[in-house]
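structure.txt follows (compact mmCIF, C-alpha atoms and all ligand atoms):
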# COMPACT_ATOMS: atom_id res chain seq x y z
CA MET N 1 82.96 120.86 154.40
CA SER N 2 82.89 121.89 150.77
CA TYR N 3 84.29 119.75 147.99
CA LYS N 4 85.26 120.31 144.37
CA TYR N 5 83.62 117.04 143.23
CA ASP N 6 80.47 115.19 144.30
CA ILE N 7 82.10 111.89 143.44
CA CYS N 8 85.62 110.61 142.86
CA ILE N 9 85.79 107.18 141.26
CA VAL N 10 89.12 105.53 142.04
CA GLY N 11 89.85 103.23 139.11
CA GLY N 12 87.55 105.55 137.17
CA LEU N 13 88.88 104.64 133.72
CA GLY N 14 88.18 100.90 133.99
CA HIS N 15 85.28 98.83 132.69
CA ILE N 16 83.24 99.48 135.84
CA GLY N 17 84.40 102.95 136.90
CA LEU N 18 84.10 104.69 133.54
CA PRO N 19 80.47 103.95 132.60
CA LEU N 20 79.43 104.52 136.21
CA GLY N 21 81.11 107.93 136.23
CA ILE N 22 79.56 108.86 132.90
CA VAL N 23 76.07 107.95 134.10
CA PHE N 24 76.45 109.92 137.35
CA ALA N 25 77.82 112.92 135.43
CA SER N 26 74.93 112.71 132.95
CA LYS N 27 72.58 113.20 135.94
CA GLY N 28 74.27 116.49 136.80
CA LEU N 29 76.74 115.38 139.47
CA LYS N 30 80.34 116.59 139.37
CA VAL N 31 82.40 113.46 138.86
CA CYS N 32 86.17 112.96 138.87
CA LEU N 33 87.56 109.80 137.29
CA GLN N 34 90.80 109.15 139.17
CA ASP N 35 93.12 106.50 137.73
CA ILE N 36 96.78 105.62 137.13
CA ASN N 37 96.44 104.61 133.48
CA LYS N 38 97.88 107.47 131.39
CA ASP N 39 96.94 105.90 128.04
CA SER N 40 93.29 105.52 129.04
CA ALA N 41 93.30 109.07 130.45
CA GLU N 42 94.44 110.40 127.07
CA ILE N 43 91.84 108.40 125.15
CA VAL N 44 88.95 109.31 127.47
CA SER N 45 89.97 113.01 127.48
CA ARG N 46 89.47 112.98 123.70
CA GLY N 47 85.89 111.77 124.27
CA GLU N 48 86.67 108.21 123.16
CA LEU N 49 86.20 104.91 124.98
CA PRO N 50 89.29 102.72 125.61
CA PHE N 51 87.07 99.61 125.26
CA VAL N 52 83.69 98.65 123.86
CA GLU N 53 80.90 100.16 125.96
CA TYR N 54 77.65 100.54 124.05
CA GLU N 55 75.82 103.92 124.15
CA ALA N 56 78.59 105.51 126.27
CA GLU N 57 80.40 107.74 123.77
CA PRO N 58 77.73 110.44 123.22
CA LEU N 59 77.25 110.78 126.99
CA LEU N 60 81.02 110.87 127.56
CA LYS N 61 81.43 113.69 125.03
CA LYS N 62 78.49 115.62 126.48
CA THR N 63 79.60 115.34 130.13
CA LEU N 64 83.21 116.26 129.33
CA LYS N 65 81.95 119.29 127.43
CA ASN N 66 79.56 120.53 130.11
CA GLY N 67 82.27 120.12 132.77
CA ASN N 68 80.46 117.50 134.87
CA LEU N 69 83.10 114.87 134.12
CA SER N 70 86.83 115.30 134.84
CA ILE N 71 89.81 112.99 134.60
CA SER N 72 92.66 112.97 137.09
CA LEU N 73 95.88 111.03 137.51
CA ASP N 74 96.43 112.71 140.88
CA SER N 75 95.34 110.99 144.13
CA GLN N 76 94.77 114.45 145.64
CA SER N 77 91.41 114.46 143.78
CA ILE N 78 90.24 111.88 146.32
CA ALA N 79 90.65 114.45 149.10
CA GLU N 80 88.63 116.94 147.03
CA SER N 81 85.53 114.74 146.72
CA LYS N 82 82.53 114.16 148.97
CA ASN N 83 81.90 110.57 147.89
CA ILE N 84 84.67 108.12 147.04
CA ILE N 85 83.80 105.09 144.94
CA ILE N 86 86.52 102.42 144.76
CA ALA N 87 86.39 100.49 141.47
CA ILE N 88 89.90 99.15 140.93
CA GLY N 89 90.42 95.54 139.78
CA THR N 90 90.48 92.76 142.38
CA PRO N 91 92.05 89.73 140.72
CA VAL N 92 92.57 86.33 142.35
CA ASP N 93 96.04 84.77 142.62
CA GLU N 94 97.39 81.74 140.69
CA TYR N 95 95.77 79.43 143.28
CA MET N 96 92.42 81.17 142.77
CA ASN N 97 92.53 82.82 146.23
CA SER N 98 91.34 86.40 146.70
CA ARG N 99 94.17 88.93 146.85
CA THR N 100 92.53 90.70 149.77
CA ARG N 101 95.85 91.71 151.34
CA GLU N 102 96.82 93.76 148.26
CA PHE N 103 93.42 95.41 148.21
CA LEU N 104 93.75 96.28 151.91
CA GLU N 105 97.23 97.74 151.30
CA PHE N 106 95.72 99.85 148.57
CA ILE N 107 92.95 101.06 150.94
CA SER N 108 95.62 101.85 153.50
CA SER N 109 97.52 103.92 150.92
CA LEU N 110 94.38 106.06 150.39
CA LYS N 111 94.07 107.01 154.04
CA GLU N 112 96.07 110.21 153.71
CA TYR N 113 93.41 111.52 151.27
CA LEU N 114 90.39 110.47 153.32
CA ASN N 115 88.46 112.02 156.20
CA PRO N 116 85.46 110.72 158.19
CA ASP N 117 83.12 113.31 156.62
CA GLN N 118 83.44 111.54 153.26
CA LEU N 119 81.39 108.53 152.22
CA ILE N 120 83.57 105.63 151.03
CA ILE N 121 81.83 103.18 148.70
CA ILE N 122 83.42 99.88 147.71
CA ARG N 123 82.33 99.00 144.18
CA SER N 124 85.02 96.43 143.34
CA SER N 125 84.01 92.80 143.90
CA VAL N 126 85.38 91.64 147.22
CA ALA N 127 85.62 88.36 149.12
CA PRO N 128 83.15 87.71 151.95
CA ASN N 129 84.09 89.65 155.09
CA ALA N 130 86.52 91.88 153.14
CA CYS N 131 84.52 95.01 154.03
CA GLU N 132 84.98 94.22 157.72
CA GLN N 133 88.75 94.06 157.07
CA ILE N 134 88.60 97.32 155.13
CA LYS N 135 86.92 98.95 158.14
CA ARG N 136 89.72 97.68 160.40
CA THR N 137 92.35 98.88 157.91
CA LEU N 138 90.87 102.36 157.92
CA GLY N 139 91.00 102.35 161.72
CA GLU N 140 88.24 101.25 164.10
CA GLY N 141 88.61 104.35 166.31
CA GLU N 142 87.46 106.79 163.65
CA ASN N 143 83.86 107.03 162.48
CA TRP N 144 84.36 106.14 158.83
CA LYS N 145 81.28 106.05 156.65
CA LEU N 146 81.88 102.84 154.74
CA SER N 147 79.44 101.33 152.28
CA TYR N 148 79.45 98.42 149.82
CA CYS N 149 77.42 98.88 146.64
CA PRO N 150 78.26 95.98 144.31
CA GLU N 151 78.23 96.23 140.52
CA ARG N 152 76.08 93.67 138.69
CA ILE N 153 76.05 94.90 135.10
CA VAL N 154 76.80 92.78 132.06
CA GLN N 155 80.06 94.10 130.64
CA GLY N 156 79.66 96.33 127.60
CA TYR N 157 76.04 97.26 128.41
CA ALA N 158 76.48 99.29 131.61
CA ILE N 159 74.84 102.48 130.34
CA LYS N 160 71.55 100.68 129.73
CA GLU N 161 71.79 98.39 132.74
CA LEU N 162 72.79 100.90 135.42
CA LYS N 163 69.47 102.70 134.94
CA LYS N 164 67.50 99.45 134.89
CA LEU N 165 69.02 97.43 137.73
CA PRO N 166 68.16 97.77 141.42
CA GLN N 167 71.20 98.81 143.47
CA ILE N 168 72.17 96.72 146.49
CA VAL N 169 73.35 99.06 149.26
CA ALA N 170 75.03 97.99 152.50
CA GLY N 171 76.97 99.93 155.12
CA PHE N 172 78.41 99.81 158.60
CA SER N 173 76.25 102.68 159.85
CA ASP N 174 72.83 104.20 159.10
CA ASP N 175 74.60 107.32 157.80
CA ALA N 176 76.64 105.24 155.33
CA VAL N 177 73.57 103.33 154.10
CA ASN N 178 71.39 106.45 153.82
CA GLU N 179 74.02 108.55 152.04
CA ALA N 180 74.90 105.73 149.62
CA SER N 181 71.18 105.16 148.92
CA ASP N 182 70.66 108.88 148.26
CA LEU N 183 73.61 108.88 145.88
CA PHE N 184 72.53 105.82 143.89
CA GLN N 185 68.94 107.04 143.77
CA ASN N 186 70.25 109.49 141.15
CA ILE N 187 70.86 106.65 138.70
CA SER N 188 69.27 103.37 139.86
CA SER N 189 65.73 102.08 139.38
CA SER N 190 65.45 101.10 143.06
CA ILE N 191 67.54 100.48 146.18
CA ILE N 192 67.81 97.20 148.09
CA LYS N 193 69.28 97.63 151.57
CA THR N 194 71.15 94.70 153.13
CA THR N 195 73.82 93.98 155.71
CA MET N 196 77.43 94.00 154.53
CA GLN N 197 77.73 90.22 154.55
CA GLU N 198 74.46 89.82 152.66
CA ALA N 199 75.64 92.26 149.99
CA GLU N 200 79.05 90.56 149.64
CA LEU N 201 77.42 87.15 149.26
CA ALA N 202 74.61 88.37 146.97
CA LYS N 203 77.19 89.76 144.52
CA LEU N 204 79.32 86.60 144.50
CA PHE N 205 76.35 84.21 144.49
CA ALA N 206 74.85 86.01 141.47
CA ASN N 207 77.95 85.37 139.37
CA SER N 208 78.48 81.83 140.68
CA TRP N 209 74.86 81.02 139.89
CA ARG N 210 75.39 82.14 136.29
CA TYR N 211 78.70 80.28 136.07
CA ILE N 212 77.06 77.05 137.29
CA GLN N 213 74.19 77.53 134.82
CA PHE N 214 76.72 77.77 131.97
CA ALA N 215 78.47 74.69 133.33
CA ILE N 216 75.35 72.56 133.32
CA ALA N 217 74.69 73.61 129.72
CA ASN N 218 78.27 72.73 128.77
CA GLN N 219 78.06 69.39 130.58
CA PHE N 220 74.78 68.57 128.79
CA PHE N 221 76.47 69.56 125.52
CA MET N 222 79.34 67.14 126.17
CA ILE N 223 76.94 64.30 127.06
CA CYS N 224 74.97 64.94 123.86
CA GLU N 225 78.10 65.07 121.73
CA ASP N 226 79.29 61.75 123.13
CA GLN N 227 75.91 60.25 122.21
CA GLY N 228 75.85 61.81 118.74
CA VAL N 229 72.86 64.01 119.71
CA ASP N 230 72.46 67.73 118.92
CA TYR N 231 72.33 69.57 122.29
CA ASN N 232 70.71 72.60 120.74
CA LYS N 233 67.77 70.49 119.57
CA VAL N 234 67.46 68.93 123.02
CA ARG N 235 67.58 72.36 124.60
CA LYS N 236 64.96 73.71 122.21
CA ALA N 237 62.67 70.81 123.09
CA MET N 238 63.24 71.52 126.79
CA VAL N 239 62.66 75.27 126.85
CA GLU N 240 59.93 75.80 124.24
CA GLY N 241 56.72 76.71 126.10
CA TYR N 242 58.20 75.31 129.31
CA GLU N 243 58.93 78.21 131.64
CA ARG N 244 60.65 76.05 134.30
CA ALA N 245 63.52 75.21 131.92
CA SER N 246 63.70 78.60 130.22
CA GLN N 247 66.93 79.66 131.95
CA LEU N 248 68.98 76.81 130.49
CA PRO N 249 71.69 78.51 128.40
CA SER N 250 73.15 77.33 125.13
CA ALA N 251 76.61 75.74 125.34
CA GLY N 252 79.62 78.04 124.93
CA PHE N 253 82.81 79.31 126.48
CA ALA N 254 82.03 80.72 129.95
CA ALA N 255 84.93 82.99 130.81
CA GLY N 256 85.88 86.62 131.45
CA PRO N 257 87.14 88.56 134.42
CA CYS N 258 84.23 87.92 136.80
CA LEU N 259 82.37 84.61 136.66
CA LEU N 260 85.20 82.23 137.49
CA LYS N 261 86.86 84.71 139.83
CA ASP N 262 83.73 85.31 141.90
CA THR N 263 83.03 81.57 142.04
CA MET N 264 86.55 80.99 143.34
CA GLN N 265 86.22 83.79 145.90
CA ILE N 266 83.38 81.84 147.49
CA SER N 267 85.44 78.68 147.29
CA SER N 268 88.44 80.14 149.11
CA PHE N 269 86.14 81.73 151.71
CA TYR N 270 84.30 78.41 152.20
CA GLN N 271 87.64 76.60 152.49
CA GLY N 272 87.36 74.49 149.37
CA GLY N 273 83.87 73.26 150.30
CA PHE N 274 82.08 74.92 147.37
CA LEU N 275 81.85 71.66 145.43
CA LEU N 276 79.38 72.86 142.80
CA GLY N 277 81.64 75.84 142.07
CA HIS N 278 84.65 73.58 141.60
CA SER N 279 82.72 71.20 139.34
CA ALA N 280 81.51 74.16 137.28
CA MET N 281 85.10 75.33 136.88
CA MET N 282 86.24 71.90 135.70
CA VAL N 283 83.43 71.66 133.15
CA ASN N 284 83.70 75.23 131.80
CA GLU N 285 87.49 75.36 131.74
CA GLY N 286 87.56 71.84 130.25
CA LEU N 287 85.43 72.72 127.22
CA PRO N 288 88.35 73.76 124.92
CA ASN N 289 90.06 70.43 125.67
CA PHE N 290 86.83 68.54 124.97
CA LEU N 291 86.52 70.23 121.56
CA VAL N 292 90.13 69.46 120.66
CA ASN N 293 89.72 65.79 121.65
CA GLN N 294 86.62 65.60 119.45
CA MET N 295 88.62 66.99 116.54
CA LYS N 296 91.40 64.47 117.19
CA SER N 297 88.86 61.65 116.96
CA ARG N 298 87.89 62.87 113.47
CA TYR N 299 91.25 63.79 111.93
CA GLU N 300 94.96 64.25 112.48
CA LEU N 301 95.61 67.70 114.00
CA LYS N 302 99.31 67.78 113.18
CA ASN N 303 99.83 70.50 110.53
CA ARG N 304 96.07 70.98 110.10
CA LYS N 305 95.12 74.63 109.58
CA VAL N 306 92.68 75.61 112.32
CA GLY N 307 91.10 79.06 112.64
CA ILE N 308 89.60 80.56 115.76
CA LEU N 309 86.96 83.25 115.26
CA GLY N 310 86.45 85.42 118.36
CA MET N 311 89.28 85.89 120.85
CA ALA N 312 87.28 88.10 123.26
CA PHE N 313 85.74 86.36 126.24
CA LYS N 314 82.21 86.86 124.91
CA ALA N 315 80.25 88.16 121.94
CA ASP N 316 80.47 91.75 120.68
CA VAL N 317 83.03 93.11 123.19
CA ASP N 318 86.81 93.57 122.90
CA ASP N 319 87.78 92.28 126.35
CA ILE N 320 90.17 89.32 126.13
CA ARG N 321 90.71 88.97 129.89
CA ASP N 322 90.56 85.29 130.87
CA SER N 323 89.16 84.36 127.46
CA LEU N 324 89.10 80.61 126.81
CA SER N 325 89.93 81.24 123.13
CA PHE N 326 93.58 81.60 124.13
CA ARG N 327 93.53 78.29 126.00
CA LEU N 328 91.96 76.69 122.93
CA SER N 329 94.70 78.13 120.72
CA LYS N 330 97.40 76.80 123.08
CA ILE N 331 95.97 73.27 123.18
CA LEU N 332 95.63 73.21 119.39
CA LYS N 333 99.23 74.37 118.91
CA PHE N 334 100.41 71.78 121.43
CA SER N 335 98.65 69.17 119.29
CA GLY N 336 100.62 70.32 116.26
CA ALA N 337 97.91 72.37 114.49
CA GLN N 338 98.70 75.59 112.65
CA VAL N 339 96.43 78.10 114.36
CA LEU N 340 95.15 81.40 112.99
CA CYS N 341 93.19 83.73 115.29
CA SER N 342 90.81 86.57 114.48
CA ASP N 343 88.60 89.01 116.34
CA GLU N 344 86.22 91.77 115.26
CA PHE N 345 86.82 93.98 118.32
CA ALA N 346 90.09 93.07 120.07
CA ASN N 347 93.30 94.21 118.36
CA ASN N 348 96.46 92.15 118.19
CA PRO N 349 99.13 92.33 115.45
CA GLU N 350 99.09 88.53 115.26
CA PHE N 351 95.38 88.31 114.48
CA VAL N 352 94.23 87.89 110.88
CA THR N 353 90.92 88.81 109.24
CA LYS N 354 87.90 86.53 109.32
CA GLU N 355 88.10 86.34 105.51
CA GLU N 356 91.64 84.94 105.71
CA ILE N 357 90.46 82.33 108.20
CA VAL N 358 87.54 81.33 105.95
CA GLU N 359 89.86 81.08 102.95
CA LYS N 360 92.78 79.21 104.55
CA CYS N 361 91.52 77.04 107.40
CA GLU N 362 90.34 73.43 107.20
CA THR N 363 88.69 73.67 110.62
CA ILE N 364 87.07 76.83 111.98
CA ILE N 365 85.89 77.23 115.58
CA ILE N 366 83.53 80.04 116.55
CA ALA N 367 84.88 80.73 120.02
CA ALA N 368 83.07 84.04 120.65
CA PRO N 369 79.89 84.47 118.58
CA HIS N 370 80.39 88.07 117.42
CA SER N 371 77.46 89.37 115.32
CA GLN N 372 79.78 89.68 112.31
CA TYR N 373 80.03 85.89 112.09
CA ALA N 374 76.28 85.29 111.77
CA ASP N 375 76.23 85.60 107.97
CA LEU N 376 79.71 84.25 107.20
CA LYS N 377 79.75 81.76 104.32
CA PHE N 378 82.15 78.85 104.75
CA LEU N 379 83.55 76.46 102.15
CA ASP N 380 81.71 73.11 102.00
CA SER N 381 84.96 71.32 102.78
CA THR N 382 85.55 73.26 106.03
CA ASP N 383 84.76 71.64 109.37
CA VAL N 384 82.93 74.46 111.19
CA ILE N 385 82.53 74.03 114.94
CA ASP N 386 79.90 76.39 116.34
CA ILE N 387 78.68 75.22 119.73
CA TRP N 388 76.60 78.39 120.24
CA LYS N 389 74.40 77.95 117.18
CA SER N 390 70.62 77.40 116.98
CA ASN N 391 70.10 79.28 120.21
CA PRO N 392 66.29 79.26 120.27
CA GLN N 393 65.90 82.35 122.48
N1 LIG W 1 84.05 93.99 134.33
C1 LIG W 1 82.88 93.64 134.80
O1 LIG W 1 81.93 93.32 134.07
C2 LIG W 1 82.61 93.68 136.30
C3 LIG W 1 81.29 93.47 136.76
C4 LIG W 1 81.05 93.56 138.12
C5 LIG W 1 82.08 93.82 139.01
N2 LIG W 1 83.35 93.99 138.54
C6 LIG W 1 84.41 94.27 139.51
O2 LIG W 1 84.78 95.64 139.39
C7 LIG W 1 86.17 95.80 139.70
C8 LIG W 1 86.84 96.49 138.53
O3 LIG W 1 86.78 95.66 137.39
P1 LIG W 1 87.05 96.23 135.94
O4 LIG W 1 86.61 95.19 134.98
O5 LIG W 1 86.50 97.62 135.82
O6 LIG W 1 88.66 96.32 135.96
P2 LIG W 1 89.56 97.22 134.97
O7 LIG W 1 90.89 96.60 135.03
O8 LIG W 1 88.87 97.40 133.69
O9 LIG W 1 89.58 98.64 135.71
C9 LIG W 1 90.32 98.90 136.86
C10 LIG W 1 90.87 100.31 136.74
O10 LIG W 1 91.52 100.60 137.98
C11 LIG W 1 92.70 101.33 137.66
N3 LIG W 1 93.64 101.23 138.78
C12 LIG W 1 94.41 100.18 139.14
N4 LIG W 1 95.14 100.49 140.22
C13 LIG W 1 94.82 101.77 140.55
C14 LIG W 1 95.25 102.66 141.57
N5 LIG W 1 96.16 102.29 142.47
N6 LIG W 1 94.71 103.90 141.62
C15 LIG W 1 93.79 104.29 140.71
N7 LIG W 1 93.34 103.49 139.72
C16 LIG W 1 93.86 102.24 139.65
C17 LIG W 1 93.20 100.69 136.38
O11 LIG W 1 94.11 101.53 135.71
C18 LIG W 1 91.89 100.49 135.63
O12 LIG W 1 91.56 101.61 134.84
C19 LIG W 1 86.70 94.38 139.96
O13 LIG W 1 86.67 94.13 141.34
C20 LIG W 1 85.71 93.51 139.25
O14 LIG W 1 85.64 92.22 139.82
C21 LIG W 1 83.64 93.96 137.19
Can you present the structure in this file as structure tokens?
Ligand SMILES: NC(=O)c1ccc[n+]([C@@H]2O[C@H](COP(=O)([O-])OP(=O)(O)OC[C@H]3O[C@@H](n4cnc5c(N)ncnc54)[C@H](O)[C@@H]3O)[C@@H](O)[C@H]2O)c1
Amino acid sequence: MSYKYDICIVGGLGHIGLPLGIVFASKGLKVCLQDINKDSAEIVSRGELPFVEYEAEPLLKKTLKNGNLSISLDSQSIAESKNIIIAIGTPVDEYMNSRTREFLEFISSLKEYLNPDQLIIIRSSVAPNACEQIKRTLGEGENWKLSYCPERIVQGYAIKELKKLPQIVAGFSDDAVNEASDLFQNISSSIIKTTMQEAELAKLFANSWRYIQFAIANQFFMICEDQGVDYNKVRKAMVEGYERASQLPSAGFAAGPCLLKDTMQISSFYQGGFLLGHSAMMVNEGLPNFLVNQMKSRYELKNRKVGILGMAFKADVDDIRDSLSFRLSKILKFSGAQVLCSDEFANNPEFVTKEEIVEKCETIIIAAPHSQYADLKFLDSTDVIDIWKSNPQ
């Protein structure tokens, strides 16, 4: 069969789909970014990024111009493509359970555009055994070529990382694995073939492992603070010239759309038995409260002017999804503080500039350590809370 596109990325204008599509198109493949977000479609068609993605804009402009990259709001584009990569969001519900049923309904809705000659690649993060359910949803009788190729990039740096990282490839048939490997060989440094279940767990374990590492750092930070000891000095003493401790992170807000979610996906799959994951959640999600309690032990928060620098979930990106800065702001307001928020990348009409925060606030918390804050000068009278500082690496 002949197709108009080599690849259709469903959810192609999101944080995962867009850089992936750009990188494939930059290697000469004909890529269609299929999505439902009209605003993003308009922005991307102009050659601009709807979010911070370093090094992507020149490649986006080039691939739009040479015709390798197209944007479509029409599901029919799926039927016109040889390889279908699914990269839509897969959030968890309010009880932290995977919303697998909604994802399966979405897969079911695609069936009218699919045929067994196409290769279907799941790129979205899924719960363990979800790919087996996707296969059943598509219909066991037909010979679907279904593959799972998880994304493991650090958000904002996909263009650099996609070329550098090995690609895990799993599939339900040799054809699916071989075709997915051939496709990713265009952009990945190497291919690691696994079973479906191994790939699902490898993806989730990787993020849980990082989430637990951040939690141990945050727990150590809290212990140090309670003892009046500087955690960053302890950490420096631990890691300097001592390879075995080198992965210990600095303290800081561990949030965003993936780490907690993937940890909780394992938890719901393992029926609440993922005790380390739960403990990590309590420590990481409890950090804003810990900071506020520390402040309360030093001064009255009622009517105190408190500024939060960095509302994104991490440094130097504009993504506010699941950012702990908002939880911090809520707890402070609940304690009676007057809170001003600022960010260098994320836009919100309620945010103020960093200069206004420096000028007006009696307490300033660096919640996301954007580069722009490194050289900020604060008034001597200001209580500056920067748990990220003196990172020795
Ligand atoms: N953001 C990350 O760093 C990261 C890293 C690894 C894996 N993941 C996983 O990748 C998946 C996507 O995450 P994301 O951060 O790119 O999400 P996102 O919200 O940025 O992007 C999802 C895109 O899917 C589109 N979409 C939603 N419903 C659609 C539909 N019915 N048809 C077509 N398009 C539709 C949205 O408009 C959006 O553009 C998730 O499963 C996530 O867990 C994300």
Mind checking which residues fall within 12 Å of Asp226 in chain N, counting only C-alpha atoms, ignoring those fewer than 4 positions away in the same chain, and posting them as a VMD selection string?
chain N and resid 219 to 222 230 to 231 290 to 291 293 to 294 297
Could you tell me which of N:Ser173, N:Gln155, N:Asn218, N:Gln118 comes closest to ligand LIG 1 (chain W) if we count all atoms listed in the file?
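Closest to ligand LIG 1 (chain W), using all atoms listed in the file: N:Gln155.
Within the 6 Å cut-off around Tyr3 in chain N, using all atoms listed in the file and omitting residues fewer than 4 positions from it on the same chain, the listed residues are Glu80, Ser81 and Lys82 of chain N.
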8 Å from ligand LIG 1 (chain W) is the threshold here; counting all atoms listed in the file, which polymer residues fall inside it? Answer as number ranges by chain.
N: 10-18, 34-37, 40, 73, 75, 87-91, 106, 123-126, 150-156, 257-258, 261-262
Pick from N:Cys131, N:Ile364, N:Ala215, N:Ile9: nearest to Leu287 in chain N, with all atoms listed in the file counted?
N:Ala215
For range 263-267 of chain N, work out the shell of residues within 7 Å, counting only C-alpha atoms and skipping chain neighbours fewer than 5 positions away, then give it as a PDB file with C-alpha atoms, keeping the file's coordinate frame.
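To be explicit, this is the file written out as part_11.pdb:
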ATOM      1  CA  MET N  96      92.420  81.170 142.770  1.00  0.00           C
ATOM      2  CA  ASN N  97      92.530  82.820 146.230  1.00  0.00           C
ATOM      3  CA  SER N  98      91.340  86.400 146.700  1.00  0.00           C
ATOM      4  CA  ALA N 127      85.620  88.360 149.120  1.00  0.00           C
ATOM      5  CA  LEU N 204      79.320  86.600 144.500  1.00  0.00           C
ATOM      6  CA  ASN N 207      77.950  85.370 139.370  1.00  0.00           C
ATOM      7  CA  SER N 208      78.480  81.830 140.680  1.00  0.00           C
ATOM      8  CA  GLY N 272      87.360  74.490 149.370  1.00  0.00           C
ATOM      9  CA  GLY N 273      83.870  73.260 150.300  1.00  0.00           C
ATOM     10  CA  PHE N 274      82.080  74.920 147.370  1.00  0.00           C
ATOM     11  CA  GLY N 277      81.640  75.840 142.070  1.00  0.00           C
TER      12      GLY N 277
END
Report as a PyMOL selection string all protein, DNA and RNA residues lying within 7 Å of range 21-28 of chain N, evaluated on only C-alpha atoms, omitting residues in the same chain fewer than 5 positions from it.
chain N and resi 9+12+33+59-60+63+68-69+159+186-187
8 Å contact set for Ala254 in chain N, only C-alpha atoms, chain neighbours under 5 positions out, as a compact mmCIF listing (two decimals) with C-alpha atoms, in the coordinates of the input:
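Writing done, so here's selection16.txt:
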# COMPACT_ATOMS: atom_id res chain seq x y z
CA TYR N 211 78.70 80.28 136.07
CA PHE N 214 76.72 77.77 131.97
CA ALA N 215 78.47 74.69 133.33
CA LEU N 259 82.37 84.61 136.66
CA ASN N 284 83.70 75.23 131.80
CA GLU N 285 87.49 75.36 131.74
CA PHE N 313 85.74 86.36 126.24
CA LYS N 314 82.21 86.86 124.91
CA LEU N 324 89.10 80.61 126.81
Rank N:Ile84, N:Leu49, N:Val317, N:Ala79 by their smallest atom-to-atom distance to Val31 in chain N, using all atoms listed in the file, and report the top residue only.
N:Ile84
Reconstruct range 340-351 of chain N at the level of N, CA, C and O atoms, and format the result as a PDB file, in the frame of the given file.
ATOM      1  N   LEU N 340      95.336  79.985 113.313  1.00  0.00           N
ATOM      2  CA  LEU N 340      95.150  81.400 112.990  1.00  0.00           C
ATOM      3  C   LEU N 340      94.018  81.937 113.862  1.00  0.00           C
ATOM      4  O   LEU N 340      93.006  81.252 114.049  1.00  0.00           O
ATOM      5  N   CYS N 341      94.206  83.150 114.394  1.00  0.00           N
ATOM      6  CA  CYS N 341      93.190  83.730 115.290  1.00  0.00           C
ATOM      7  C   CYS N 341      92.679  85.040 114.709  1.00  0.00           C
ATOM      8  O   CYS N 341      93.428  85.778 114.048  1.00  0.00           O
ATOM      9  N   SER N 342      91.411  85.339 115.000  1.00  0.00           N
ATOM     10  CA  SER N 342      90.810  86.570 114.480  1.00  0.00           C
ATOM     11  C   SER N 342      89.799  87.112 115.486  1.00  0.00           C
ATOM     12  O   SER N 342      89.214  86.336 116.255  1.00  0.00           O
ATOM     13  N   ASP N 343      89.650  88.420 115.500  1.00  0.00           N
ATOM     14  CA  ASP N 343      88.600  89.010 116.340  1.00  0.00           C
ATOM     15  C   ASP N 343      88.083  90.280 115.671  1.00  0.00           C
ATOM     16  O   ASP N 343      88.847  90.978 114.991  1.00  0.00           O
ATOM     17  N   GLU N 344      86.830  90.577 115.870  1.00  0.00           N
ATOM     18  CA  GLU N 344      86.220  91.770 115.260  1.00  0.00           C
ATOM     19  C   GLU N 344      86.407  93.009 116.117  1.00  0.00           C
ATOM     20  O   GLU N 344      86.220  94.133 115.657  1.00  0.00           O
ATOM     21  N   PHE N 345      86.752  92.845 117.397  1.00  0.00           N
ATOM     22  CA  PHE N 345      86.820  93.980 118.320  1.00  0.00           C
ATOM     23  C   PHE N 345      88.207  94.131 118.957  1.00  0.00           C
ATOM     24  O   PHE N 345      88.719  95.239 119.065  1.00  0.00           O
ATOM     25  N   ALA N 346      88.789  93.011 119.403  1.00  0.00           N
ATOM     26  CA  ALA N 346      90.090  93.070 120.070  1.00  0.00           C
ATOM     27  C   ALA N 346      91.200  93.165 119.025  1.00  0.00           C
ATOM     28  O   ALA N 346      91.159  92.469 118.009  1.00  0.00           O
ATOM     29  N   ASN N 347      92.175  94.042 119.291  1.00  0.00           N
ATOM     30  CA  ASN N 347      93.300  94.210 118.360  1.00  0.00           C
ATOM     31  C   ASN N 347      94.521  93.462 118.842  1.00  0.00           C
ATOM     32  O   ASN N 347      94.832  93.471 120.019  1.00  0.00           O
ATOM     33  N   ASN N 348      95.203  92.837 117.889  1.00  0.00           N
ATOM     34  CA  ASN N 348      96.460  92.150 118.190  1.00  0.00           C
ATOM     35  C   ASN N 348      97.163  91.987 116.843  1.00  0.00           C
ATOM     36  O   ASN N 348      96.552  91.505 115.882  1.00  0.00           O
ATOM     37  N   PRO N 349      98.443  92.408 116.754  1.00  0.00           N
ATOM     38  CA  PRO N 349      99.130  92.330 115.450  1.00  0.00           C
ATOM     39  C   PRO N 349      99.186  90.919 114.884  1.00  0.00           C
ATOM     40  O   PRO N 349      99.354  90.741 113.676  1.00  0.00           O
ATOM     41  N   GLU N 350      99.025  89.914 115.750  1.00  0.00           N
ATOM     42  CA  GLU N 350      99.090  88.530 115.260  1.00  0.00           C
ATOM     43  C   GLU N 350      97.752  88.026 114.713  1.00  0.00           C
ATOM     44  O   GLU N 350      97.691  86.979 114.068  1.00  0.00           O
ATOM     45  N   PHE N 351      96.680  88.760 114.973  1.00  0.00           N
ATOM     46  CA  PHE N 351      95.380  88.310 114.480  1.00  0.00           C
ATOM     47  C   PHE N 351      95.271  88.549 112.977  1.00  0.00           C
ATOM     48  O   PHE N 351      95.866  89.491 112.444  1.00  0.00           O
TER      49      PHE N 351
END
